[in-house]
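Enquirer: Sharing a structure below in structure tokens format, with a few things to ask.
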Amino acid sequence: MSGPTGQDLLRLAVTEPGRAADVATRAVATGTDPEELSYAHHALGIVQRDRGDVDLALVHLRRARQLARRTSDADRVSDVRATLGTALALHGESRAGLREADGAVEMASARGPIRPRALMRRAYVLARLGQHSAAIADLQQAIPKFRRAGDVVWEARALNLRAYARLPRGDLVGAEDDLRQAEALFTRHEAHLEALAVVHNLALIQFFRGDLPGALAAFADLGERYAELGAPHLELALDRATVLLVAGLCDEAAQVVGAAAVWTARRPQERAEVLLMRASARLGQGDPELALADAQVARRLFARQHRDWWRTRADLVGLQARIDLGRGSRRAAVALADSLADDRSEDGVLAALVAGRELADMDPAGASTYLSRAARRRHHGNPLSRSTAWLAQALDLEVQGRPRVLQAVGNGLDALAEHRASLGSPELRALTAIHSADLAALAVRHALPRGPRALVHWSDRGRAASLSEPVAAPSDPVIDGLLATIRGLSHRIAEEPDPARIQTLTRERAQKEREVRLAWAATSGSGGLARTTSPEELVSRLGDRILVQLVNVDATLYAVVVRDGRWRKVEVGPLADAHKAMDRALYGLRSATRGRPIDLSPLALRLESALLGPVARLLPVDRSVVVSPPAAFLGAPWGLIPSLHDRPVSLTPSATAWVRAATASPSSTRTVFVAGPGLPTGGGEVVAVAALRPDTTTLVGASSTVGSVRSALDGAGLAHIAAHGTFRHESPMFSSLQLADGPLTVDDIHRLERPPHRIVLPACRSGVVADIGGQDVIGFASALLTQGTAGVVASIADVDDAATVQVMLALHAGLASGQRLDEALAGARRSSYGDPVRHATAVLFAAMGAA
């Protein structure tokens with residue numbers, strides 16, 4: 001062979017695959033020596049394997065084995081067989097791959113350089129099979145041999161592989177130590193491509209330690225670096241999807257998995273992993289039927305490949321899907337938990353938790369066996385893992401009828417608060433409510449018999465935690481550029497007459513929005529932990545106002561009424577009745593705003609009965625009321641309720657959030673009035689009201705750009721923005737108000753140094769929020785409250801434009817006389833009697849906060 005030696009060619013196959021392929025192809029075309037030809041086919045097999053064409057790789061590697069056997073060099077045969085074993089494993093032929101790897105180890109010379117390489121390649125096959133302990137044992141032999149021989153690159157590869165095998169066992173310290181050594185060795189020898197694999201595993205360690213932003217940032221950077229090399233990386237896609245799922249970004253995870261699926265046509269082993277990941281994504285998206293179908297196919301593929309470790313993971317996802325479908329099986333849950341009894345990963349904890357919950361009703365003693373097993377990890381791992389284990393501990397105490405359930409729940413919520421504080425994205429902070437839902441439900445169940453103070457305290461522990469402190473938007477020119485593009489696309493969509501073109505622009509905008517959300521997700525939080533308000537602080541801040549905190553306890557609504565320092569707990573009624581009454585009231589109000597004659601009185605009485613019940617009789621006339629309902633009822637028309645209609649009513653996601661708003665103070669008396677484009681009324685109230693106020697900035701028409709409005713809002717005492725509003729259910733962070741040059745979004749609110757102290761948003765649906773896990777919210781109004789705005793008036797549905805002008809004029813008349821927002825809105829409701837459209841419009845506005 002002219003040019004590189006055989007061993008040099010094999011090294012080139014990893015470091016410079018294109019060059020290696022050219023050299024090897026020429027050697028195959030012209031060579032006659034069996035040894036040289038075996039090296040050439042061996043190199044081509046490595047190149048094709050790494051490019052994803054495993055079928056062609058197997059052709060070359062089998063030919064290389066055949067040629068090697070014609071030589072007298074047992075190590076040459078061993079080297080080829082070891083590589084063939086890895087390719088067979090990638091092809092899904094696990095047993096055949098392991099046979100080749102075993103044969104390679106057996107026939108390699110005990111003291112030569114090939115034996116440790118054969119050990120390492122067998123370790124790779126074992127790790128892919130999920131046999132991590134066996135893989136580590138092989139590597140424990142190989143690494144010292146590489147070190148003694150001075151084979152630095154292979155030592156680095158073995159260290160990286162040992163770290164990969166240590167990760168599922170929870171040995172993060174040992175894994176990181178291996179990776180740091182491997183990184184130094186690869187860097188010293190300028191093996192830049194292989195160094196990326198080390199960076200990949202270091203990102204996994206960030207993830208396992210609970211640093212989701214750091215892991216997402218690392219995976220995004222790795223994706224760009226692999227893309228520059230023209231090398232799609234399936235493992236990276238799967239790991240990135242895993243992190244996105246844990247973060248709660250299920251749609252983004254599904255998109256990543258969908259893009260990766262096309263890479264698996266020639267790699268059936270990876271197809272099984274992709275299907276399993278897609279099943280997990282679909283489960284997170286709320287589609288257990290499709291999740292179960294994917295999990296079942298993945299399970300069959302794993303079983304066919306004899307990959308038992310992976311098969312149990314498919315069983316776990318399948319079991320969760322069946323439970324969601326109401327088809328859970330105690331026997332299957334127990335069998336799965338038993339099969340993972342010695343598994344120290346989070347899957348082992350989850351399987352034990354699922355088994356315990358399935359057994360809880362019928363076999364408390366048996367349930368305790370599994371719940372206590374899951375609870376053993378409550379002092380180990382990252383905050384999310386600990387919260388799951390603390391949930392298991394709380395459930396175990398509950399099924400045993402033992403005390404201190406609330407103490408375990410509190411520890412679990414503390415762990416979640418630690419996790420939330422590490423996140424810089426308001427969306428990810430809110431999405432932690434998905435993880436807290438079970439703990440929050442346990443909390444209120446056990447707080448209920450302890451009295452009203454305990455019920456308010458523990459319901460607040462799980463509620464609207466993302467609103468606990470301001471979150472600054474990242475200062476990133478890339479994100480700024482994306483936002484400018486999104487704003488331009490929105491402007492073009494609004495003006496585009498062609499439906500097909502609108503669809504294209506909308507898809508392009510959605511992609512840019514996903515990029516912004518992912519960039520936000522990769523930013524770290526401040527680490528600050530929120531504090532739940534104390535009973536004494538709450539009573540002090542309430543003054544002569546009355547708090548009504550509604551709490552869902554096992555599908556029954558309870559209310560705590562705090563009045564003049566006295567606390568009272570009341571059972572209201574079934575949660576389902578409240579949902580039905582709210583839906584019917586909203587439907588009736590929407591009909592009324594369109595001018596349809598409808599008698600709202602029966603709907604109002606039914607709504608009062610379902611949401612307040614006996615509480616209505618406990619509210620003295622003319623006293624202001626603060627209502628803190630579950631997240632789903634922030635969108636109820638509370639102003640329609642007869643006992644609330646004529647009095648000031650303010651809404652808050654939690655008592656703690658209300659106290660935070662009540663402590664806020666304005667930084668100026670400056671007022672801002674804005675009228676966006678395309679309003680049928682032209683923002684008729686803006687000019688009339690602004691003229692009556694000193695120190696006013698008025699932005700209308702072309703001057704109402706996002707930049708000018710954002711600048712004017714910063715530090716304002718009172719702001720009013722009349723503009724078309726859009727609530728985006730699929731992407732609440734991009735709910736917006738339409739201005740002259742595009743949308744003012746939730747992201748823009750997070751870019752304010754000092755949000756306006758009070759703000760009025762007469763836009764349609766400006767007060768709508770997305771309910772996250774029943775415990776938290778995302779939306780335009782909630783973003784303002786998060787950032788420190790003390791009071792917001794916004795609409796909870798579409799409203800009539802002309803009637804809105806009249807309601808706003810009445811509202812501002814009250815504000816001009818020194819009233820709070822809830823007081824002024826109550827006056828606007830009272831003044832709307834006699835005009836059905838105006839009355840329905842006034843009722844569809846809500847005051848949120850305390851100012």
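Quick note on naming: the chains in the structure tokens go A, B, ... in the order shown, residues restart at 1 in each chain, and ligands are numbered from 1 in order of appearance.
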Name the residues in contact with Leu634 in chain A at a cut-off of 12 Å, using only C-alpha atoms, excluding same-chain residues fewer than 5 positions from it; report them as a PyMOL selection string.

Expert: chain A and resi 464+549-550+579+582+611+626-629+639+650-654+767-771+774-779+781-782+794-797+844-849

Enquirer: DSSP on the backbone: which residues in range 113-271 of chain A end up as alpha helix (DSSP H)? Give the answer as a PyMOL selection string.

Expert: chain A and resi 114-128+132-149+152-166+172-188+192-208+212-228+234-247+250-261+268-271

Enquirer: Report as a tab-separated table the residues of range 508-587 of chain A within 12 Å of range 732-746 of chain A, each with its shortest atom pair and distance in Å (one decimal), using only C-alpha atoms, ordered by chain and increasing residue number.

Expert:
```
residue	atom	partner	partner_atom	distance
A:Arg509	CA	A:Phe734	CA	10.7
A:Ala510	CA	A:Phe734	CA	9.9
A:Lys512	CA	A:Phe734	CA	11.2
A:Glu513	CA	A:Phe734	CA	7.8
A:Arg514	CA	A:Phe734	CA	10.2
A:Val516	CA	A:Met733	CA	9.9
A:Arg517	CA	A:Met733	CA	8.1
A:Leu518	CA	A:Met733	CA	11.8
A:Trp520	CA	A:Met733	CA	10.6
A:Ala521	CA	A:Met733	CA	11.9
```

Enquirer: Would you please work out which residue, of A:Ala64, A:Leu483, A:Ala247, A:Val709, is nearest to Ser425 in chain A when using only C-alpha atoms?

Expert: A:Ala247

Enquirer: A:Val246, A:Ala175, A:Ala675, A:Val152: which is nearest Thr187 in chain A, counting only C-alpha atoms?

Expert: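 Ranking A:Val246, A:Ala175, A:Ala675, A:Val152 by distance to Thr187 in chain A, first place goes to A:Val152.
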
Enquirer: Taking only C-alpha atoms into account, which of A:Ala43, A:Ala352, A:Ala104, A:Ala783 comes nearest Arg377 in chain A?

Expert: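 Looking at the shortest contact to Arg377 in chain A, the residue is A:Ala352.
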
Enquirer: Go through A:Ala291, A:Arg378, A:Pro677, A:Asp177 and flag the residue nearest Glu495 in chain A, using only C-alpha atoms for the distances.

Expert: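 Among the listed residues, A:Pro677 lies closest to Glu495 in chain A.
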
Enquirer: Provide the CA of Leu161 in chain A to CA of Phe207 in chain A distance in Å, to one decimal place.

Expert: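 CA of Leu161 in chain A sits 17.8 Å away from CA of Phe207 in chain A.
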
Enquirer: Taking 5 positions as the minimum chain separation for residues in the same chain, which residues sit within 12 Å of Val23 in chain A when counting only C-alpha atoms? Answer as a PyMOL selection string.

Expert: chain A and resi 1-6+8-10+12-13+16-18+28-31+36-37+39-41+43-44+47
